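**Q** I'm passing along model20.txt; it holds compact mmCIF, C-alpha atoms.
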# COMPACT_ATOMS: atom_id res chain seq x y z
CA GLY L 248 119.32 98.89 82.79
CA GLU L 249 121.10 99.10 86.09
CA SER L 250 123.39 96.14 85.66
CA VAL L 251 127.12 96.25 85.95
CA GLY L 252 129.41 93.71 84.42
CA LEU L 253 133.04 92.89 83.94
CA HIS L 254 134.82 92.39 80.67
CA LEU L 255 136.83 89.31 81.61
CA PRO L 256 135.99 86.50 84.00
CA THR L 257 139.66 85.72 84.70
CA LEU L 258 142.98 87.55 84.75
CA SER L 259 146.37 85.98 85.35
CA VAL L 260 149.43 88.10 86.16
CA GLN L 261 152.94 87.67 87.46
CA GLU L 262 153.89 88.92 90.90
CA GLY L 263 155.10 92.49 90.66
CA ASP L 264 153.10 93.31 87.52
CA ASN L 265 150.35 95.88 87.48
CA SER L 266 146.81 94.52 87.14
CA ILE L 267 143.88 96.20 85.45
CA ILE L 268 140.36 94.91 86.02
CA ASN L 269 137.60 96.41 83.93
CA CYS L 270 133.92 96.94 84.44
CA ALA L 271 131.19 98.31 82.17
CA TYR L 272 127.95 99.71 83.51
CA SER L 273 124.71 100.46 81.70
CA ASN L 274 122.93 102.96 83.93
CA SER L 275 124.06 106.38 82.75
CA ALA L 276 122.46 107.90 85.86
CA SER L 277 124.74 105.95 88.20
CA ASP L 278 126.57 108.35 90.48
CA TYR L 279 128.41 106.00 92.80
CA PHE L 280 130.69 103.03 92.11
CA ILE L 281 132.58 100.68 94.36
CA TRP L 282 135.03 97.80 94.15
CA TYR L 283 135.13 94.77 96.41
CA LYS L 284 137.56 91.90 96.77
CA GLN L 285 136.36 88.46 97.80
CA GLU L 286 138.71 85.71 98.88
CA SER L 287 137.61 82.11 98.88
CA GLY L 288 135.24 81.33 101.72
CA LYS L 289 135.03 84.93 102.89
CA GLY L 290 132.71 87.87 102.55
CA PRO L 291 133.43 90.74 100.15
CA GLN L 292 135.92 93.28 101.41
CA PHE L 293 135.74 96.97 100.48
CA ILE L 294 138.62 98.22 98.34
CA ILE L 295 137.78 101.66 97.03
CA ASP L 296 134.83 103.74 95.85
CA ILE L 297 134.31 106.73 93.59
CA ARG L 298 131.56 109.21 92.87
CA SER L 299 130.59 110.31 89.39
CA ASN L 300 131.95 113.82 89.92
CA MET L 301 135.44 112.33 89.93
CA ASP L 302 137.49 110.64 87.19
CA LYS L 303 140.10 109.06 89.38
CA ARG L 304 140.67 108.10 92.96
CA GLN L 305 143.72 106.53 94.53
CA GLY L 306 144.18 104.32 97.52
CA GLN L 307 147.05 102.24 98.77
CA ARG L 308 148.37 100.42 95.66
CA VAL L 309 144.95 100.75 94.01
CA THR L 310 143.50 103.31 91.64
CA VAL L 311 139.95 103.48 90.31
CA LEU L 312 139.31 105.23 87.01
CA LEU L 313 135.87 106.28 85.85
CA ASN L 314 135.05 107.13 82.24
CA LYS L 315 131.48 108.34 82.15
CA THR L 316 131.53 108.93 78.41
CA VAL L 317 131.82 105.22 77.66
CA LYS L 318 130.40 104.07 81.00
CA HIS L 319 133.53 102.24 81.98
CA LEU L 320 135.17 101.68 85.33
CA SER L 321 138.55 100.13 86.02
CA LEU L 322 140.55 99.03 89.03
CA GLN L 323 144.30 99.20 88.81
CA ILE L 324 146.46 97.30 91.28
CA ALA L 325 150.12 98.27 91.39
CA ALA L 326 152.85 95.73 92.05
CA THR L 327 150.41 92.84 92.33
CA GLN L 328 151.15 90.38 95.11
CA PRO L 329 150.04 86.77 95.64
CA GLY L 330 147.78 88.03 98.43
CA ASP L 331 145.84 89.99 95.83
CA SER L 332 144.55 86.75 94.34
CA ALA L 333 140.78 86.88 94.74
CA VAL L 334 137.55 87.63 92.89
CA TYR L 335 137.00 91.32 92.25
CA PHE L 336 133.54 92.81 91.91
CA CYS L 337 132.41 96.22 90.80
CA ALA L 338 129.04 97.53 91.92
CA ASP L 339 126.84 100.58 91.58
CA LEU L 340 123.60 101.74 93.11
CA ASN L 341 120.31 100.58 91.64
CA GLN L 342 118.01 103.16 90.09
CA ALA L 343 116.14 103.57 93.35
CA GLY L 344 119.41 104.34 95.08
CA THR L 345 118.62 101.77 97.74
CA ALA L 346 121.07 98.95 97.09
CA LEU L 347 124.38 98.09 95.48
CA ILE L 348 124.10 95.91 92.39
CA PHE L 349 127.10 93.68 91.73
CA GLY L 350 128.64 92.43 88.52
CA LYS L 351 129.72 88.82 88.08
CA GLY L 352 133.33 89.29 89.08
CA THR L 353 136.84 88.82 87.73
CA THR L 354 139.07 86.17 89.24
CA LEU L 355 142.60 87.51 89.61
CA SER L 356 145.35 84.90 89.85
CA VAL L 357 148.84 86.03 90.79
CA SER L 358 151.75 83.68 90.22
CA SER L 359 155.16 84.01 91.84
CA ASN H 297 135.53 96.91 116.78
CA ALA H 298 133.62 93.81 115.81
CA GLY H 299 132.62 93.57 112.20
CA VAL H 300 129.36 92.27 110.83
CA MET H 301 128.60 89.02 112.61
CA GLN H 302 126.67 86.25 110.91
CA ASN H 303 125.62 82.94 112.34
CA PRO H 304 125.56 80.14 111.86
CA ARG H 305 128.55 79.89 109.56
CA HIS H 306 127.17 76.69 108.04
CA LEU H 307 123.58 75.50 108.12
CA VAL H 308 122.30 72.18 106.87
CA ARG H 309 118.59 71.65 106.40
CA ARG H 310 116.44 68.97 104.84
CA ARG H 311 113.89 69.87 102.22
CA GLY H 312 110.78 71.32 103.82
CA GLN H 313 112.49 72.57 106.96
CA GLU H 314 112.95 76.19 107.96
CA ALA H 315 116.23 78.07 107.87
CA ARG H 316 116.96 81.08 110.06
CA LEU H 317 120.02 83.16 109.35
CA ARG H 318 121.15 85.84 111.79
CA CYS H 319 123.10 89.02 111.28
CA SER H 320 124.37 91.54 113.80
CA PRO H 321 125.47 94.76 112.09
CA MET H 322 128.55 96.73 112.97
CA LYS H 323 128.22 99.05 115.91
CA GLY H 324 126.61 102.28 114.86
CA HIS H 325 125.19 100.89 111.61
CA SER H 326 121.44 101.07 111.19
CA HIS H 327 121.22 99.80 107.59
CA VAL H 328 121.23 96.06 106.89
CA TYR H 329 121.32 94.28 103.55
CA TRP H 330 121.01 90.63 102.59
CA TYR H 331 122.58 89.17 99.47
CA ARG H 332 122.65 85.66 98.03
CA GLN H 333 125.57 84.18 96.16
CA LEU H 334 125.50 81.02 94.09
CA PRO H 335 128.78 79.22 93.26
CA GLU H 336 130.86 81.03 90.64
CA GLU H 337 128.40 83.92 90.54
CA GLY H 338 128.11 87.44 91.87
CA LEU H 339 126.06 88.67 94.76
CA LYS H 340 122.35 89.10 94.18
CA PHE H 341 120.59 91.75 96.24
CA MET H 342 117.67 90.45 98.26
CA VAL H 343 116.49 93.00 100.81
CA TYR H 344 117.43 96.25 102.53
CA LEU H 345 116.19 97.00 106.03
CA GLN H 346 116.50 99.66 108.66
CA LYS H 347 115.40 99.19 112.23
CA GLU H 348 111.84 97.78 112.19
CA ASN H 349 111.37 98.72 108.52
CA ILE H 350 111.80 96.98 105.19
CA ILE H 351 113.03 99.63 102.77
CA ASP H 352 113.52 97.60 99.59
CA GLU H 353 112.62 93.94 99.17
CA SER H 354 112.65 93.92 95.39
CA GLY H 355 115.18 91.06 95.32
CA MET H 356 113.31 88.76 97.65
CA PRO H 357 111.44 85.77 96.24
CA LYS H 358 107.72 86.33 96.67
CA GLU H 359 107.15 83.18 98.66
CA ARG H 360 108.87 81.43 101.57
CA PHE H 361 111.42 84.21 102.19
CA SER H 362 111.10 86.93 104.80
CA ALA H 363 113.41 89.29 106.64
CA GLU H 364 113.22 91.42 109.71
CA PHE H 365 115.41 93.83 111.64
CA PRO H 366 113.77 94.35 115.03
CA LYS H 367 114.38 97.24 117.36
CA GLU H 368 116.44 94.96 119.56
CA GLY H 369 118.51 92.04 118.38
CA PRO H 370 119.94 90.84 115.09
CA SER H 371 118.43 90.91 111.64
CA ILE H 372 116.90 87.59 110.65
CA LEU H 373 116.53 86.12 107.17
CA ARG H 374 113.98 83.33 107.28
CA ILE H 375 113.43 80.74 104.60
CA GLN H 376 110.44 78.48 105.05
CA GLN H 377 110.06 75.05 103.49
CA VAL H 378 113.52 75.09 101.98
CA VAL H 379 114.21 73.48 98.63
CA ARG H 380 117.51 72.39 97.10
CA GLY H 381 117.61 75.53 94.98
CA ASP H 382 117.92 77.60 98.15
CA SER H 383 121.40 76.19 98.72
CA ALA H 384 123.75 79.15 98.52
CA ALA H 385 125.92 81.51 100.52
CA TYR H 386 123.89 84.25 102.16
CA PHE H 387 125.75 87.42 103.03
CA CYS H 388 124.66 90.20 105.30
CA ALA H 389 126.10 93.69 105.07
CA SER H 390 125.64 96.80 107.15
CA SER H 391 126.32 100.48 106.65
CA ARG H 392 125.70 103.93 108.03
CA GLY H 393 124.12 104.96 104.73
CA ARG H 394 123.32 103.41 101.38
CA GLU H 395 126.77 103.22 99.91
CA LYS H 396 129.86 101.63 101.43
CA LEU H 397 128.72 98.30 102.79
CA PHE H 398 130.63 96.11 105.19
CA PHE H 399 129.99 92.42 104.74
CA GLY H 400 129.93 89.52 107.15
CA SER H 401 131.55 86.15 106.48
CA GLY H 402 128.30 84.67 105.27
CA THR H 403 126.15 81.66 106.07
CA GLN H 404 126.51 78.67 103.77
CA LEU H 405 123.12 77.02 103.51
CA SER H 406 123.01 73.44 102.29
CA VAL H 407 119.66 71.80 101.63
CA LEU H 408 119.69 68.00 101.51
Just dump the structure as structure tokens.
**A**
Amino acid sequence: GESVGLHLPTLSVQEGDNSIINCAYSNSASDYFIWYKQESGKGPQFIIDIRSNMDKRQGQRVTVLLNKTVKHLSLQIAATQPGDSAVYFCADLNQAGTALIFGKGTTLSVSS
Amino acid sequence: NAGVMQNPRHLVRRRGQEARLRCSPMKGHSHVYWYRQLPEEGLKFMVYLQKENIIDESGMPKERFSAEFPKEGPSILRIQQVVRGDSAAYFCASSRGREKLFFGSGTQLSVL
């Protein structure tokens, strides 16, 4: 299928820790993946994306890792801050390549 | 630069009424997407449009729902004869292509 999903619905970390949010996808033909952050009452906000010809991509405090062998995607957040508390979604393109399909999300809670 | 603009922010309708949700894409973006989000769930793709064309409506319910993106003006998502099950947050996103989407703040539809 073309669904994406996340391993854990919730993740709680201490401020300053590194966070790892995981995502498994089922469509082996997927060639584009993207992570969004959604704060309460707001629309999803782009974090980082990666194409299937890459294994890793880094942004500011975030890193996305792609393991095509096991069809696994992860988002790493360094030095997690309270402002990082949100729901995180991974997504990939549907088989037609016309739309992003989202997983259910992981709620990240950061305590001080 | 203004982001994706959605209005109204909140919309209350009684069962049987019509709901019209508006979306103005970011400047320079010709691709518009509509997604629906139920509480505690991910975003469900509804429809993908370009100017005056529906490209993919595979996520749209067969009845009562329609979408348009005219040559001039915003994209409109129209729900006729609303029912309580239509209550949800409806997000619009725009892009230059089919990948990195930029989302609006959403319209929260409540059906009484």
**Q** Give me the residues within 8 Å of L:Val357 as a list in words, counting all atoms listed in the file and dropping any in the same chain fewer than 5 places off.
**A**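 Answer for this query is Ser259, Val260, Gln261, Glu262, Thr327, Gln328, Pro329, Gly330, Asp331 and Ser332 of chain L.
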**Q** Name the residues in contact with L:Arg308 at a cut-off of 10 Å, using all atoms listed in the file, excluding same-chain residues fewer than 2 positions from it; report them as JSON, numbers by chain.
**A** {"L": [265, 305, 306, 310, 323, 324, 325, 326, 327]}
**Q** Output as a count of residues only the set of chain L residues within 8 Å of chain H, with distances taken over all atoms listed in the file.
**A** 20
**Q** Tell me, in Å to one decimal, how far atom CA of H:Ala298 is from atom CA of H:Arg392.
**A**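 Pair atom CA of H:Ala298 / atom CA of H:Arg392 returns 15.0 Å.
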**Q** Could you tell me how far atom CA of H:Gln302 lies from atom CA of L:Ile295, in Å and to one decimal?
**A** 23.5 Å
**Q** Mind listing whatever residues come within 7 Å of the point (124.2, 77.6, 104.8)? Use all atoms listed in the file, file coordinates, and give them as a list in words.
**A**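 Taken together, the residues in range are Arg305, His306, Leu307, Val308, Ser383, Ala384, Ala385, Thr403, Gln404, Leu405 and Ser406 of chain H.
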**Q** In Å to one decimal, how far is atom CA of L:Tyr283 from atom CA of L:Ala338?
**A**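 Taking atom CA of L:Ala338 as the start and atom CA of L:Tyr283 as the end point, the length is 8.1 Å.
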**Q** Tell me which protein, DNA and RNA residues are within 12 Å of L:Arg304, counting all atoms listed in the file, leaving out same-chain ones fewer than 2 positions away, and put them as a compact mmCIF listing (two decimals) with C-alpha atoms, in the frame of the given file.
**A**
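New file part_31.txt:
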# COMPACT_ATOMS: atom_id res chain seq x y z
CA PHE L 280 130.69 103.03 92.11
CA ILE L 281 132.58 100.68 94.36
CA TRP L 282 135.03 97.80 94.15
CA ILE L 294 138.62 98.22 98.34
CA ILE L 295 137.78 101.66 97.03
CA ASP L 296 134.83 103.74 95.85
CA ILE L 297 134.31 106.73 93.59
CA ARG L 298 131.56 109.21 92.87
CA SER L 299 130.59 110.31 89.39
CA ASN L 300 131.95 113.82 89.92
CA MET L 301 135.44 112.33 89.93
CA ASP L 302 137.49 110.64 87.19
CA GLY L 306 144.18 104.32 97.52
CA GLN L 307 147.05 102.24 98.77
CA ARG L 308 148.37 100.42 95.66
CA VAL L 309 144.95 100.75 94.01
CA THR L 310 143.50 103.31 91.64
CA VAL L 311 139.95 103.48 90.31
CA LEU L 312 139.31 105.23 87.01
CA LEU L 313 135.87 106.28 85.85
CA LEU L 320 135.17 101.68 85.33
CA SER L 321 138.55 100.13 86.02
CA LEU L 322 140.55 99.03 89.03
CA GLN L 323 144.30 99.20 88.81
**Q** What would the list of residues within 10 Å of (130.9, 106.4, 79.8) (file frame) look like as a list in words, if all atoms listed in the file are what count?
**A**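 Residues with an atom close enough to that point: Ala271, Tyr272, Ser273, Asn274, Ser275, Leu313, Asn314, Lys315, Thr316, Val317, Lys318, His319 and Leu320 of chain L.
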